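Below is data-v7.pdb, holding PDB, C-alpha atoms.
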```pdb
ATOM      1  CA  MET A   1      70.959-141.625-144.600
ATOM      2  CA  SER A   2      73.856-140.780-142.260
ATOM      3  CA  GLN A   3      74.354-141.846-138.666
ATOM      4  CA  VAL A   4      75.666-139.809-135.750
ATOM      5  CA  ILE A   5      76.473-141.201-132.324
ATOM      6  CA  ASP A   6      75.018-139.602-129.184
ATOM      7  CA  GLU A   7      75.986-135.910-129.471
ATOM      8  CA  PRO A   8      72.665-134.694-130.956
ATOM      9  CA  LEU A   9      70.754-136.576-128.253
ATOM     10  CA  GLU A  10      72.925-135.041-125.554
ATOM     11  CA  ARG A  11      72.208-131.585-127.003
ATOM     12  CA  LEU A  12      68.512-132.390-126.785
ATOM     13  CA  ARG A  13      68.739-133.679-123.205
ATOM     14  CA  THR A  14      70.553-130.505-122.165
ATOM     15  CA  ALA A  15      68.059-128.234-123.929
ATOM     16  CA  ALA A  16      65.060-130.060-122.457
ATOM     17  CA  ARG A  17      66.552-129.743-118.987
ATOM     18  CA  ARG A  18      67.134-126.010-119.520
ATOM     19  CA  THR A  19      63.545-125.613-120.705
ATOM     20  CA  ARG A  20      62.213-127.323-117.591
ATOM     21  CA  GLU A  21      64.427-125.167-115.374
ATOM     22  CA  LEU A  22      63.332-121.987-117.151
ATOM     23  CA  ALA A  23      59.655-122.889-116.753
ATOM     24  CA  LEU A  24      60.002-124.115-113.169
ATOM     25  CA  GLY A  25      57.514-122.340-110.938
ATOM     26  CA  ARG A  26      55.836-120.605-113.859
ATOM     27  CA  ALA A  27      52.064-120.614-113.609
ATOM     28  CA  GLY A  28      50.158-122.375-116.344
ATOM     29  CA  THR A  29      48.414-120.116-118.837
ATOM     30  CA  GLY A  30      46.309-122.643-120.739
ATOM     31  CA  LEU A  31      48.308-121.961-123.909
ATOM     32  CA  ARG A  32      48.892-125.154-125.897
ATOM     33  CA  HIS A  33      51.579-125.688-128.529
ATOM     34  CA  GLN A  34      49.097-124.770-131.269
ATOM     35  CA  ASP A  35      48.494-121.430-129.512
ATOM     36  CA  ALA A  36      52.162-120.440-129.633
ATOM     37  CA  ASP A  37      53.137-116.915-130.576
ATOM     38  CA  ASP A  38      54.512-116.816-134.136
ATOM     39  CA  ASP A  39      57.630-115.042-132.942
ATOM     40  CA  VAL A  40      58.336-116.424-129.463
ATOM     41  CA  GLY A  41      57.384-120.045-130.153
ATOM     42  CA  THR A  42      56.297-122.800-127.785
ATOM     43  CA  ILE A  43      58.781-121.886-125.079
ATOM     44  CA  GLY A  44      56.054-119.460-123.983
ATOM     45  CA  THR A  45      53.303-122.104-123.758
ATOM     46  CA  ASP A  46      52.390-124.677-121.145
ATOM     47  CA  GLY A  47      54.266-127.243-123.242
ATOM     48  CA  ALA A  48      57.477-125.915-121.705
ATOM     49  CA  LEU A  49      56.293-126.975-118.235
ATOM     50  CA  GLY A  50      58.002-130.305-117.596
ATOM     51  CA  PHE A  51      59.090-130.608-121.238
ATOM     52  CA  ASP A  52      60.717-133.975-121.867
ATOM     53  CA  PRO A  53      60.467-135.529-125.343
ATOM     54  CA  PHE A  54      62.416-138.644-124.422
ATOM     55  CA  PRO A  55      59.596-140.858-123.061
ATOM     56  CA  LEU A  56      57.750-140.587-126.388
ATOM     57  CA  LEU A  57      60.940-140.899-128.457
ATOM     58  CA  GLU A  58      61.838-144.042-126.516
ATOM     59  CA  ALA A  59      58.345-145.476-126.996
ATOM     60  CA  LEU A  60      58.522-144.855-130.750
ATOM     61  CA  HIS A  61      61.903-146.577-130.863
ATOM     62  CA  HIS A  62      60.745-149.597-128.831
ATOM     63  CA  HIS A  63      57.676-150.044-131.054
ATOM     64  CA  GLY A  64      59.809-149.966-134.192
ATOM     65  CA  VAL A  65      58.180-146.835-135.621
ATOM     66  CA  HIS A  66      59.960-145.252-138.579
ATOM     67  CA  ILE A  67      59.472-141.593-137.804
ATOM     68  CA  VAL A  68      61.529-138.428-138.236
ATOM     69  CA  VAL A  69      61.836-135.543-135.787
ATOM     70  CA  ILE A  70      61.290-132.149-137.410
ATOM     71  CA  GLY A  71      60.739-128.637-136.037
ATOM     72  CA  GLN A  72      62.836-127.044-133.324
ATOM     73  CA  VAL A  73      63.719-130.313-131.598
ATOM     74  CA  ALA A  74      65.502-131.287-134.820
ATOM     75  CA  GLY A  75      67.033-127.817-134.882
ATOM     76  CA  ILE A  76      68.403-128.319-131.378
ATOM     77  CA  MET A  77      69.866-131.663-132.410
ATOM     78  CA  HIS A  78      71.740-129.793-135.146
ATOM     79  CA  GLY A  79      73.018-127.208-132.657
ATOM     80  CA  SER A  80      70.352-124.498-132.479
ATOM     81  CA  THR A  81      70.421-122.610-129.196
ATOM     82  CA  GLU A  82      66.712-121.666-129.162
ATOM     83  CA  LEU A  83      64.664-123.650-126.691
ATOM     84  CA  THR A  84      61.286-125.199-127.457
ATOM     85  CA  GLY A  85      58.315-126.695-125.674
ATOM     86  CA  ASP A  86      56.987-129.042-128.347
ATOM     87  CA  LEU A  87      57.939-132.076-130.406
ATOM     88  CA  ASP A  88      56.997-132.272-134.091
ATOM     89  CA  LEU A  89      57.144-135.538-135.998
ATOM     90  CA  LEU A  90      56.933-136.719-139.614
ATOM     91  CA  TRP A  91      56.116-140.264-140.713
ATOM     92  CA  ASP A  92      55.362-141.807-144.091
ATOM     93  CA  GLY A  93      51.573-142.095-143.692
ATOM     94  CA  VAL A  94      51.511-145.738-144.855
ATOM     95  CA  PRO A  95      48.430-147.390-143.262
ATOM     96  CA  ALA A  96      50.325-150.592-142.459
ATOM     97  CA  HIS A  97      52.671-148.595-140.222
ATOM     98  CA  ALA A  98      49.905-146.857-138.270
ATOM     99  CA  PRO A  99      49.227-149.622-135.670
ATOM    100  CA  ALA A 100      52.789-149.461-134.310
ATOM    101  CA  LEU A 101      52.560-145.673-134.199
ATOM    102  CA  ALA A 102      49.298-145.802-132.256
ATOM    103  CA  ALA A 103      50.705-148.406-129.862
ATOM    104  CA  ALA A 104      53.686-146.170-129.089
ATOM    105  CA  PHE A 105      51.468-143.180-128.322
ATOM    106  CA  ILE A 106      49.104-145.299-126.211
ATOM    107  CA  SER A 107      52.037-146.629-124.185
ATOM    108  CA  VAL A 108      52.870-143.119-122.927
ATOM    109  CA  GLY A 109      49.261-142.093-122.330
ATOM    110  CA  ALA A 110      49.121-139.622-125.213
ATOM    111  CA  ARG A 111      45.877-137.957-126.265
ATOM    112  CA  LEU A 112      45.106-136.881-129.827
ATOM    113  CA  SER A 113      43.111-134.064-131.387
ATOM    114  CA  ASP A 114      42.406-132.948-134.933
ATOM    115  CA  GLU A 115      43.471-129.614-136.431
ATOM    116  CA  ALA A 116      40.362-127.985-134.994
ATOM    117  CA  GLY A 117      41.378-129.114-131.516
ATOM    118  CA  ASP A 118      38.617-131.708-131.181
ATOM    119  CA  PRO A 119      39.614-134.997-129.500
ATOM    120  CA  VAL A 120      40.072-138.057-131.685
ATOM    121  CA  PRO A 121      40.729-141.618-130.485
ATOM    122  CA  THR A 122      44.299-142.840-130.175
ATOM    123  CA  ARG A 123      43.800-145.450-132.854
ATOM    124  CA  PRO A 124      45.700-146.218-136.071
ATOM    125  CA  GLU A 125      43.151-144.540-138.347
ATOM    126  CA  SER A 126      43.528-141.220-136.526
ATOM    127  CA  PHE A 127      47.152-140.991-137.607
ATOM    128  CA  LEU A 128      46.192-141.248-141.270
ATOM    129  CA  HIS A 129      45.069-137.622-141.311
ATOM    130  CA  PRO A 130      47.667-135.260-142.808
ATOM    131  CA  LYS A 131      48.268-133.918-139.296
ATOM    132  CA  VAL A 132      47.155-134.933-135.840
ATOM    133  CA  GLN A 133      47.979-133.014-132.672
ATOM    134  CA  PHE A 134      49.039-134.851-129.535
ATOM    135  CA  THR A 135      49.706-134.251-125.879
ATOM    136  CA  SER A 136      51.595-136.640-123.653
ATOM    137  CA  PRO A 137      52.975-136.352-120.106
ATOM    138  CA  GLY A 138      56.344-135.123-121.399
ATOM    139  CA  ALA A 139      55.648-133.417-124.700
ATOM    140  CA  GLY A 140      52.968-132.304-127.101
ATOM    141  CA  GLY A 141      53.160-131.387-130.744
ATOM    142  CA  ASP A 142      52.139-132.346-134.262
ATOM    143  CA  CYS A 143      52.452-135.733-135.947
ATOM    144  CA  CYS A 144      52.405-135.154-139.709
ATOM    145  CA  THR A 145      52.484-137.089-142.961
ATOM    146  CA  PRO A 146      53.736-136.013-146.409
ATOM    147  CA  ALA A 147      50.077-135.387-147.351
ATOM    148  CA  LEU A 148      50.157-132.168-145.324
ATOM    149  CA  PRO A 149      50.746-129.167-147.642
ATOM    150  CA  TRP A 150      54.386-128.136-147.297
ATOM    151  CA  GLY A 151      54.579-125.234-149.730
ATOM    152  CA  GLY A 152      55.518-127.438-152.651
ATOM    153  CA  LEU A 153      58.277-129.302-150.800
ATOM    154  CA  ARG A 154      58.679-133.027-151.499
ATOM    155  CA  VAL A 155      58.835-133.953-147.837
ATOM    156  CA  ARG A 156      58.531-137.667-148.542
ATOM    157  CA  ASP A 157      62.124-137.430-149.733
ATOM    158  CA  PHE A 158      63.046-135.879-146.381
ATOM    159  CA  LEU A 159      62.295-139.213-144.724
ATOM    160  CA  ASP A 160      65.002-140.914-146.771
ATOM    161  CA  ARG A 161      67.565-138.186-146.089
ATOM    162  CA  ALA A 162      67.048-138.129-142.319
ATOM    163  CA  ILE A 163      70.006-138.491-139.982
ATOM    164  CA  THR A 164      70.109-141.232-137.365
ATOM    165  CA  ALA A 165      71.372-140.476-133.850
ATOM    166  CA  THR A 166      72.145-143.379-131.528
ATOM    167  CA  GLY A 167      72.488-143.028-127.776
ATOM    168  CA  PRO A 168      74.686-145.129-125.459
ATOM    169  CA  ASP A 169      71.554-146.899-124.222
ATOM    170  CA  GLY A 170      70.651-147.963-127.760
ATOM    171  CA  LEU A 171      67.979-145.310-128.320
ATOM    172  CA  VAL A 172      67.718-144.471-132.016
ATOM    173  CA  VAL A 173      66.209-141.153-133.110
ATOM    174  CA  ARG A 174      65.958-140.038-136.726
ATOM    175  CA  TYR A 175      65.805-136.317-137.439
ATOM    176  CA  ALA A 176      65.593-134.144-140.531
ATOM    177  CA  CYS A 177      68.884-133.257-142.170
ATOM    178  CA  LEU A 178      70.021-129.652-141.943
ATOM    179  CA  ASP A 179      69.204-128.637-145.521
ATOM    180  CA  ASP A 180      65.710-130.120-145.353
ATOM    181  CA  LEU A 181      65.006-128.479-142.011
ATOM    182  CA  ILE A 182      66.043-125.110-143.418
ATOM    183  CA  ARG A 183      63.734-125.672-146.411
ATOM    184  CA  MET A 184      60.841-126.434-144.069
ATOM    185  CA  ARG A 185      61.502-123.321-142.015
ATOM    186  CA  ARG A 186      61.600-121.079-145.059
ATOM    187  CA  ALA A 187      58.457-122.656-146.534
ATOM    188  CA  ILE A 188      56.451-122.003-143.340
ATOM    189  CA  GLY A 189      57.820-118.466-143.183
ATOM    190  CA  ARG A 190      56.700-117.243-139.750
ATOM    191  CA  PRO A 191      59.090-114.848-137.950
ATOM    192  CA  LYS A 192      60.411-117.606-135.696
ATOM    193  CA  ASP A 193      60.874-119.929-138.689
ATOM    194  CA  LEU A 194      62.856-117.384-140.678
ATOM    195  CA  ARG A 195      64.966-116.564-137.622
ATOM    196  CA  ARG A 196      65.660-120.225-136.988
ATOM    197  CA  ALA A 197      66.372-120.894-140.673
ATOM    198  CA  ALA A 198      69.031-118.166-140.559
ATOM    199  CA  GLU A 199      70.569-119.689-137.433
ATOM    200  CA  LEU A 200      70.573-123.155-138.969
ATOM    201  CA  GLY A 201      72.203-121.753-142.087
ATOM    202  CA  SER A 202      75.007-120.356-139.943
ATOM    203  CA  LEU A 203      75.610-123.867-138.580
ATOM    204  CA  ALA A 204      76.163-125.309-142.054
ATOM    205  CA  PRO A 205      79.658-125.821-143.464
ATOM    206  CA  GLY A 206      80.770-122.463-144.773
ATOM    207  CA  GLY A 207      78.473-120.644-142.375
ATOM    208  CA  HIS A 208      75.484-119.934-144.617
ATOM    209  CA  ARG A 209      72.835-121.621-146.752
TER
END
```

Using structure tokens, write down the structure from this file.
Amino acid sequence: MSQVIDEPLERLRTAARRTRELALGRAGTGLRHQDADDDVGTIGTDGALGFDPFPLLEALHHHGVHIVVIGQVAGIMHGSTELTGDLDLLWDGVPAHAPALAAAFISVGARLSDEAGDPVPTRPESFLHPKVQFTSPGAGGDCCTPALPWGGLRVRDFLDRAITATGPDGLVVRYACLDDLIRMRRAIGRPKDLRRAAELGSLAPGGHR
């Protein structure tokens, strides 16, 4: 696991601010992150309105949760220029770690739902599902475990290879390494994923993966 100081978090702060500015004054449509267009992505949903992943990221850090940022937020931290309106997370799914995870989500007033969109309580056992959806005042998205089908990928290993970014205020955020993020994008295979995988590949040493 490698560690990077501040720059990825500054990229994310800048991108989140740009997302909020872009969505400023835009009327809500009722579209949630799970309703996102497969090509445009969540920048076109209500998740972009007031998008700010930092309150939840800070809560996860303060509660000592070992969790890894995936999806386009991780892409932005690597240098992707595409904006997003959601925050996707991966944790190890170990039951003993679930209480701290639930406490972090409760502290920011997050609400949970299952894959069908039905509400579930913000309690430790809810996070033991392969995927739970969440909404919070700053960001919504998916909180996943390695039990979720990932097209044959061994995503549990992704947790160990995650990069750690540390901000000047002591905030620590772990995010998927570039190669693993590209693998995830290609495995999902939607138009936006393939487009973003190609962009991420161009950011790699040598310019392609």

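Of the listed residues (A:Ala204, A:Ala110, A:Met77, A:Met184), A:Met77 comes nearest to A:Ala165; the distances count all atoms listed in the file.
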
Result set, the PyMOL selection byres ((chain A and resi 69) around 12) on current file, as an mmCIF file with C-alpha atoms, in the frame of the given file:
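Result file is part.cif:
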```
data_model
loop_
_atom_site.group_PDB
_atom_site.id
_atom_site.type_symbol
_atom_site.label_atom_id
_atom_site.label_comp_id
_atom_site.auth_asym_id
_atom_site.auth_seq_id
_atom_site.Cartn_x
_atom_site.Cartn_y
_atom_site.Cartn_z
ATOM 1 C CA PRO A 8 72.665 -134.694 -130.956
ATOM 2 C CA LEU A 9 70.754 -136.576 -128.253
ATOM 3 C CA LEU A 12 68.512 -132.390 -126.785
ATOM 4 C CA PRO A 53 60.467 -135.529 -125.343
ATOM 5 C CA PHE A 54 62.416 -138.644 -124.422
ATOM 6 C CA LEU A 56 57.750 -140.587 -126.388
ATOM 7 C CA LEU A 57 60.940 -140.899 -128.457
ATOM 8 C CA LEU A 60 58.522 -144.855 -130.750
ATOM 9 C CA VAL A 65 58.180 -146.835 -135.621
ATOM 10 C CA HIS A 66 59.960 -145.252 -138.579
ATOM 11 C CA ILE A 67 59.472 -141.593 -137.804
ATOM 12 C CA VAL A 68 61.529 -138.428 -138.236
ATOM 13 C CA ILE A 70 61.290 -132.149 -137.410
ATOM 14 C CA GLY A 71 60.739 -128.637 -136.037
ATOM 15 C CA GLN A 72 62.836 -127.044 -133.324
ATOM 16 C CA VAL A 73 63.719 -130.313 -131.598
ATOM 17 C CA ALA A 74 65.502 -131.287 -134.820
ATOM 18 C CA GLY A 75 67.033 -127.817 -134.882
ATOM 19 C CA ILE A 76 68.403 -128.319 -131.378
ATOM 20 C CA MET A 77 69.866 -131.663 -132.410
ATOM 21 C CA HIS A 78 71.740 -129.793 -135.146
ATOM 22 C CA ASP A 86 56.987 -129.042 -128.347
ATOM 23 C CA LEU A 87 57.939 -132.076 -130.406
ATOM 24 C CA ASP A 88 56.997 -132.272 -134.091
ATOM 25 C CA LEU A 89 57.144 -135.538 -135.998
ATOM 26 C CA LEU A 90 56.933 -136.719 -139.614
ATOM 27 C CA TRP A 91 56.116 -140.264 -140.713
ATOM 28 C CA GLY A 141 53.160 -131.387 -130.744
ATOM 29 C CA ASP A 142 52.139 -132.346 -134.262
ATOM 30 C CA CYS A 143 52.452 -135.733 -135.947
ATOM 31 C CA CYS A 144 52.405 -135.154 -139.709
ATOM 32 C CA THR A 145 52.484 -137.089 -142.961
ATOM 33 C CA PHE A 158 63.046 -135.879 -146.381
ATOM 34 C CA LEU A 159 62.295 -139.213 -144.724
ATOM 35 C CA ALA A 162 67.048 -138.129 -142.319
ATOM 36 C CA ILE A 163 70.006 -138.491 -139.982
ATOM 37 C CA THR A 164 70.109 -141.232 -137.365
ATOM 38 C CA ALA A 165 71.372 -140.476 -133.850
ATOM 39 C CA VAL A 172 67.718 -144.471 -132.016
ATOM 40 C CA VAL A 173 66.209 -141.153 -133.110
ATOM 41 C CA ARG A 174 65.958 -140.038 -136.726
ATOM 42 C CA TYR A 175 65.805 -136.317 -137.439
ATOM 43 C CA ALA A 176 65.593 -134.144 -140.531
ATOM 44 C CA CYS A 177 68.884 -133.257 -142.170
ATOM 45 C CA LEU A 178 70.021 -129.652 -141.943
ATOM 46 C CA ASP A 180 65.710 -130.120 -145.353
ATOM 47 C CA LEU A 181 65.006 -128.479 -142.011
#
```

**Message:** One decimal, in Å: what's the spacing between atom CA of A:Gly79 and atom CA of A:Ala48?
**Reply:** 19.1 Å

**Request:** Please write as a list in words the full residue list that the PyMOL selection byres ((chain A and resi 133) around 7) yields on this file.
**Result:**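 Listing what the PyMOL selection byres ((chain A and resi 133) around 7) selects in the shown file: Leu112, Ser113, Asp114, Glu115, Lys131, Val132, Phe134, Gly141, Asp142 and Cys143 of chain A.
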
**Message:** Measuring between only C-alpha atoms, which one of A:Thr81, A:Gly189, A:Asp157, A:Gln34 shows the shortest distance to A:Gly117?
**Reply:** A:Gln34

**Between atom CA of A:Ser107 and atom CA of A:Phe127 - distance in Å to one decimal** = 15.4 Å

Edge lengths and centre in Å, axis-aligned, stretch 18-37 of chain A plus 8 Å each side, as AutoDock Vina command-line options:
```
--center_x 56.7 --center_y -122.1 --center_z -121.1 --size_x 36.8 --size_y 26.4 --size_z 36.3
```

**Request:** To verify the selection step, state as a list in words which residues the PyMOL selection byres ((chain A and resi 128) around 8) yields on this input.
**Result:**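 Applying the expression gives Gly93, Val94, Pro95, Ala98, Pro124, Glu125, Ser126, Phe127, His129, Pro130, Lys131 and Thr145 of chain A.
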